[in-house]
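**Student:** Would you mind keeping the following structure in view while I ask a few things?
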Amino acid sequence: MFLMITSEMVNEFIAKALNSCIDLGGRILAALIIFIIGKLIVNWINRLFAKMLERRKVDASIQSFLKSIVNITLLVLLFLAVIGKLGIELTSFAALLASAGVAVGMALSGNLQNFAGGVMILLFRPIKAGEYIEAQGVAGSVKEIQIFHTVLTTPDNQTIYV
């Protein structure tokens, strides 16, 4: 009925605990090294991307948005690499990110269409400020092009957001 704890059992427990701590310490050290090197690489890629956007003369409003998207994406990938090295299962995180992406995409589908159109106009510049255009049943001079809409001034001096 009584459990006898022998010195062999204690020694075996201490050995297993020590091996587990060494293994955990090694994973934490490796994860820390991955984080530090990864952060340096992320910063380097961000600087390279910013220089590329400036060389291509991308509009300033879209530059900040694209830089933040690239930065967030790289940091998420770095985070996944670090937690993967720590031994945490990544399949649940991947499923969570995918389902969140689908939910946000469905909730913002109309806004995402407008955003994509705004980005295309800013990148490819088919129209410029000051040009007279007709779009979506209205006509006027382009006053300003933004990410989600274009501001037109009609001949009768009304401001319209398309």
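Order determines the names: the first chain of the structure tokens is A, the second B, and so forth; residues in each chain are numbered 1 upward, and ligands are numbered 1 upward as they are shown.
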Please provide as a ChimeraX atom specification all residues within 12 Å of A:Gly118, with the sequence filter that same-chain residues fewer than 4 positions apart are discarded (counting only C-alpha atoms).

**Tutor:** /A:59,61-62,111-114,122-127,144-151,162

**Student:** Enumerate as a list in words all residues of chain A assigned to strand (DSSP E) by DSSP on the backbone, naming them with the chain letters and numbers the document uses.

**Tutor:**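 Result set for chain A (strand (DSSP E)): Tyr132, Ile133, Glu134, Ala135, Val138, Ala139, Gly140, Ser141, Val142, Lys143, Glu144, Ile145, Thr150, Val151, Leu152, Thr153, Thr159, Ile160 and Tyr161 of chain A.
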
**Student:** The selected residues should be written to file as a compact mmCIF listing (two decimals), in the first residue's frame (atoms: all heavy atoms).

**Tutor:**
# COMPACT_ATOMS: atom_id res chain seq x y z
N TYR A 132 -9.89 65.73 -66.75
CA TYR A 132 -11.35 65.66 -66.77
C TYR A 132 -11.72 64.23 -67.13
O TYR A 132 -11.29 63.70 -68.15
CB TYR A 132 -11.91 66.64 -67.81
CG TYR A 132 -13.41 66.76 -67.75
CD1 TYR A 132 -14.01 67.62 -66.84
CD2 TYR A 132 -14.23 66.02 -68.59
CE1 TYR A 132 -15.38 67.73 -66.76
CE2 TYR A 132 -15.60 66.12 -68.53
CZ TYR A 132 -16.18 66.98 -67.62
OH TYR A 132 -17.55 67.08 -67.55
N ILE A 133 -12.52 63.58 -66.26
CA ILE A 133 -12.91 62.19 -66.49
C ILE A 133 -14.40 62.02 -66.29
O ILE A 133 -15.08 62.89 -65.72
CB ILE A 133 -12.17 61.21 -65.55
CG1 ILE A 133 -12.56 61.45 -64.09
CG2 ILE A 133 -10.67 61.28 -65.75
CD1 ILE A 133 -12.14 60.32 -63.15
N GLU A 134 -14.89 60.87 -66.75
CA GLU A 134 -16.27 60.47 -66.50
C GLU A 134 -16.22 59.06 -65.93
O GLU A 134 -15.63 58.16 -66.53
CB GLU A 134 -17.09 60.48 -67.77
CG GLU A 134 -18.56 60.20 -67.52
CD GLU A 134 -19.41 60.39 -68.77
OE1 GLU A 134 -19.05 61.21 -69.62
OE2 GLU A 134 -20.42 59.70 -68.85
N ALA A 135 -16.79 58.87 -64.73
CA ALA A 135 -16.75 57.57 -64.06
C ALA A 135 -18.01 57.40 -63.23
O ALA A 135 -18.45 58.33 -62.56
CB ALA A 135 -15.52 57.46 -63.19
N VAL A 138 -20.79 60.06 -63.35
CA VAL A 138 -20.50 61.45 -63.04
C VAL A 138 -19.25 61.88 -63.80
O VAL A 138 -18.41 61.06 -64.15
CB VAL A 138 -20.28 61.69 -61.52
CG1 VAL A 138 -21.54 61.41 -60.74
CG2 VAL A 138 -19.14 60.85 -60.99
N ALA A 139 -19.16 63.19 -64.07
CA ALA A 139 -18.01 63.71 -64.79
C ALA A 139 -17.46 64.91 -64.04
O ALA A 139 -18.21 65.64 -63.38
CB ALA A 139 -18.41 64.10 -66.21
N GLY A 140 -16.17 65.10 -64.13
CA GLY A 140 -15.55 66.24 -63.49
C GLY A 140 -14.04 66.17 -63.56
O GLY A 140 -13.47 65.21 -64.08
N SER A 141 -13.40 67.20 -63.03
CA SER A 141 -11.94 67.25 -62.98
C SER A 141 -11.47 66.54 -61.72
O SER A 141 -12.04 66.71 -60.64
CB SER A 141 -11.47 68.70 -62.93
OG SER A 141 -11.82 69.35 -64.11
N VAL A 142 -10.42 65.75 -61.87
CA VAL A 142 -9.86 65.01 -60.74
C VAL A 142 -9.15 66.02 -59.83
O VAL A 142 -8.22 66.69 -60.24
CB VAL A 142 -8.88 63.93 -61.20
CG1 VAL A 142 -8.24 63.23 -60.01
CG2 VAL A 142 -9.58 62.92 -62.09
N LYS A 143 -9.64 66.10 -58.60
CA LYS A 143 -9.02 66.99 -57.63
C LYS A 143 -7.96 66.26 -56.83
O LYS A 143 -6.87 66.77 -56.60
CB LYS A 143 -10.10 67.55 -56.70
CG LYS A 143 -9.59 68.55 -55.68
CD LYS A 143 -10.75 69.10 -54.86
CE LYS A 143 -10.25 70.09 -53.82
NZ LYS A 143 -11.35 70.57 -53.00
N GLU A 144 -8.27 65.02 -56.43
CA GLU A 144 -7.37 64.26 -55.57
C GLU A 144 -7.65 62.77 -55.74
O GLU A 144 -8.80 62.37 -55.89
CB GLU A 144 -7.61 64.68 -54.12
CG GLU A 144 -6.67 64.14 -53.12
CD GLU A 144 -6.99 64.65 -51.71
OE1 GLU A 144 -7.87 65.52 -51.55
OE2 GLU A 144 -6.37 64.14 -50.78
N ILE A 145 -6.59 61.97 -55.73
CA ILE A 145 -6.73 60.52 -55.80
C ILE A 145 -6.25 59.95 -54.47
O ILE A 145 -5.11 60.16 -54.07
CB ILE A 145 -5.90 59.92 -56.95
CG1 ILE A 145 -6.35 60.51 -58.29
CG2 ILE A 145 -6.03 58.41 -56.97
CD1 ILE A 145 -5.45 60.14 -59.44
N THR A 150 -11.72 58.67 -55.25
CA THR A 150 -11.17 59.77 -56.03
C THR A 150 -12.11 60.95 -55.88
O THR A 150 -13.33 60.81 -55.96
CB THR A 150 -11.05 59.35 -57.51
OG1 THR A 150 -10.20 58.22 -57.59
CG2 THR A 150 -10.49 60.47 -58.36
N VAL A 151 -11.55 62.12 -55.65
CA VAL A 151 -12.35 63.33 -55.46
C VAL A 151 -12.42 64.06 -56.79
O VAL A 151 -11.39 64.38 -57.39
CB VAL A 151 -11.72 64.23 -54.37
CG1 VAL A 151 -12.58 65.46 -54.15
CG2 VAL A 151 -11.53 63.46 -53.07
N LEU A 152 -13.66 64.31 -57.25
CA LEU A 152 -13.89 65.03 -58.50
C LEU A 152 -14.55 66.37 -58.21
O LEU A 152 -15.33 66.49 -57.27
CB LEU A 152 -14.80 64.23 -59.44
CG LEU A 152 -14.35 62.85 -59.88
CD1 LEU A 152 -15.42 62.23 -60.78
CD2 LEU A 152 -13.04 62.94 -60.62
N THR A 153 -14.26 67.34 -59.05
CA THR A 153 -14.95 68.63 -59.01
C THR A 153 -15.72 68.75 -60.32
O THR A 153 -15.12 68.73 -61.40
CB THR A 153 -13.96 69.79 -58.85
OG1 THR A 153 -13.18 69.57 -57.68
CG2 THR A 153 -14.70 71.11 -58.72
N THR A 159 -18.28 68.99 -55.28
CA THR A 159 -17.26 67.98 -54.99
C THR A 159 -17.95 66.63 -54.86
O THR A 159 -18.90 66.48 -54.10
CB THR A 159 -16.52 68.32 -53.67
OG1 THR A 159 -15.93 69.61 -53.82
CG2 THR A 159 -15.45 67.30 -53.37
N ILE A 160 -17.44 65.66 -55.62
CA ILE A 160 -18.03 64.31 -55.63
C ILE A 160 -16.93 63.30 -55.33
O ILE A 160 -15.82 63.40 -55.85
CB ILE A 160 -18.66 64.00 -57.01
CG1 ILE A 160 -19.80 64.99 -57.26
CG2 ILE A 160 -19.16 62.57 -57.05
CD1 ILE A 160 -20.44 64.82 -58.62
N TYR A 161 -17.26 62.33 -54.47
CA TYR A 161 -16.34 61.25 -54.13
C TYR A 161 -16.74 60.01 -54.90
O TYR A 161 -17.85 59.52 -54.75
CB TYR A 161 -16.35 60.97 -52.62
CG TYR A 161 -15.85 62.13 -51.80
CD1 TYR A 161 -16.70 63.13 -51.36
CD2 TYR A 161 -14.50 62.20 -51.47
CE1 TYR A 161 -16.23 64.19 -50.62
CE2 TYR A 161 -14.03 63.25 -50.72
CZ TYR A 161 -14.90 64.23 -50.29
OH TYR A 161 -14.41 65.28 -49.55

**Student:** Pick out the residues sitting within 10 Å of stretch 30-42 of chain A, and hand them over as a short mmCIF file (atom, residue, chain, number, x, y, z; two decimals) with N, CA, C and O atoms, in the first residue's frame; count only C-alpha atoms, and ignore anything fewer than 3 positions along from it in its own chain.

**Tutor:**
data_model
loop_
_atom_site.label_atom_id
_atom_site.label_comp_id
_atom_site.auth_asym_id
_atom_site.auth_seq_id
_atom_site.Cartn_x
_atom_site.Cartn_y
_atom_site.Cartn_z
N LEU A 24 15.00 22.21 -23.12
CA LEU A 24 14.21 23.43 -23.17
C LEU A 24 15.09 24.67 -23.31
O LEU A 24 14.81 25.58 -24.08
N GLY A 25 16.19 24.69 -22.57
CA GLY A 25 17.12 25.81 -22.65
C GLY A 25 17.72 25.94 -24.05
O GLY A 25 17.88 27.04 -24.57
N GLY A 26 18.03 24.81 -24.66
CA GLY A 26 18.56 24.81 -26.03
C GLY A 26 17.54 25.36 -27.03
O GLY A 26 17.89 26.15 -27.92
N ARG A 27 16.28 24.95 -26.86
CA ARG A 27 15.23 25.46 -27.76
C ARG A 27 15.01 26.95 -27.56
O ARG A 27 14.81 27.69 -28.51
N ILE A 45 15.09 44.01 -45.01
CA ILE A 45 14.10 43.89 -46.09
C ILE A 45 13.20 45.13 -46.12
O ILE A 45 12.87 45.64 -47.20
N ASN A 46 12.80 45.62 -44.94
CA ASN A 46 11.95 46.82 -44.89
C ASN A 46 12.67 48.02 -45.51
O ASN A 46 12.06 48.80 -46.26
N ARG A 47 13.96 48.20 -45.20
CA ARG A 47 14.72 49.32 -45.78
C ARG A 47 14.85 49.15 -47.29
O ARG A 47 14.69 50.11 -48.06
N LEU A 48 15.12 47.93 -47.74
CA LEU A 48 15.24 47.65 -49.17
C LEU A 48 13.92 47.92 -49.89
O LEU A 48 13.90 48.53 -50.97
N VAL A 70 4.04 44.97 -45.50
CA VAL A 70 5.23 44.12 -45.62
C VAL A 70 5.83 43.87 -44.24
O VAL A 70 6.19 42.74 -43.90
N ASN A 71 5.93 44.91 -43.42
CA ASN A 71 6.49 44.77 -42.08
C ASN A 71 5.67 43.80 -41.24
O ASN A 71 6.22 42.91 -40.58
N ILE A 72 4.36 43.94 -41.24
CA ILE A 72 3.50 43.06 -40.45
C ILE A 72 3.61 41.62 -40.94
O ILE A 72 3.72 40.69 -40.13
N THR A 73 3.63 41.42 -42.24
CA THR A 73 3.74 40.07 -42.79
C THR A 73 5.06 39.41 -42.38
O THR A 73 5.08 38.25 -41.95
N LEU A 74 6.15 40.17 -42.50
CA LEU A 74 7.45 39.61 -42.11
C LEU A 74 7.52 39.31 -40.62
O LEU A 74 8.09 38.29 -40.21
N LEU A 75 6.95 40.18 -39.79
CA LEU A 75 6.96 39.93 -38.35
C LEU A 75 6.11 38.72 -37.97
O LEU A 75 6.48 37.96 -37.07
N LEU A 77 5.63 36.10 -39.91
CA LEU A 77 6.44 34.94 -40.31
C LEU A 77 7.57 34.68 -39.31
O LEU A 77 7.85 33.52 -38.97
N LEU A 78 8.19 35.75 -38.82
CA LEU A 78 9.24 35.59 -37.81
C LEU A 78 8.67 35.00 -36.52
O LEU A 78 9.26 34.10 -35.93
N PHE A 79 7.52 35.50 -36.11
CA PHE A 79 6.86 34.98 -34.91
C PHE A 79 6.55 33.49 -35.05
O PHE A 79 6.79 32.70 -34.14
N ALA A 81 8.13 31.37 -36.99
CA ALA A 81 9.39 30.62 -36.95
C ALA A 81 9.88 30.45 -35.52
O ALA A 81 10.36 29.36 -35.15
N VAL A 82 9.75 31.48 -34.70
CA VAL A 82 10.22 31.41 -33.32
C VAL A 82 9.39 30.42 -32.51
O VAL A 82 9.93 29.57 -31.80
N ILE A 83 8.06 30.51 -32.61
CA ILE A 83 7.25 29.57 -31.82
C ILE A 83 7.37 28.15 -32.36
O ILE A 83 7.25 27.20 -31.59
N GLY A 84 7.62 28.01 -33.66
CA GLY A 84 7.88 26.68 -34.20
C GLY A 84 9.15 26.07 -33.62
O GLY A 84 9.21 24.88 -33.31
N LYS A 85 10.18 26.89 -33.46
CA LYS A 85 11.44 26.41 -32.88
C LYS A 85 11.27 26.05 -31.40
O LYS A 85 11.95 25.16 -30.89
N LEU A 86 10.36 26.73 -30.73
CA LEU A 86 10.10 26.41 -29.32
C LEU A 86 9.36 25.09 -29.16
O LEU A 86 9.24 24.58 -28.05
N GLY A 87 8.86 24.55 -30.25
CA GLY A 87 8.19 23.25 -30.19
C GLY A 87 6.68 23.35 -30.11
O GLY A 87 6.01 22.35 -29.88
#

**Student:** What is the atom CA of A:Leu96 to atom CA of A:Gln63 distance in Å?

**Tutor:**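 According to the coordinates, atom CA of A:Leu96 and atom CA of A:Gln63 are separated by 28.5 Å.
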
**Student:** Please identify the alpha helix (DSSP H) residues within chain A (assignment by DSSP from backbone atoms) and present them as JSON, numbers by chain.

**Tutor:** {"A": [7, 8, 9, 10, 11, 12, 13, 14, 15, 16, 17, 18, 19, 20, 21, 22, 23, 24, 25, 26, 27, 28, 29, 30, 31, 32, 33, 34, 35, 36, 37, 38, 39, 40, 41, 42, 43, 44, 45, 46, 47, 48, 49, 50, 51, 52, 53, 54, 55, 60, 61, 62, 63, 64, 65, 66, 67, 68, 69, 70, 71, 72, 73, 74, 75, 76, 77, 78, 79, 80, 81, 82, 83, 84, 85, 91, 92, 93, 94, 95, 96, 97, 98, 99, 100, 101, 102, 103, 104, 105, 106, 107, 109, 110, 111, 112, 113, 114, 115, 116, 117, 118, 119, 120, 121, 122, 123, 124]}
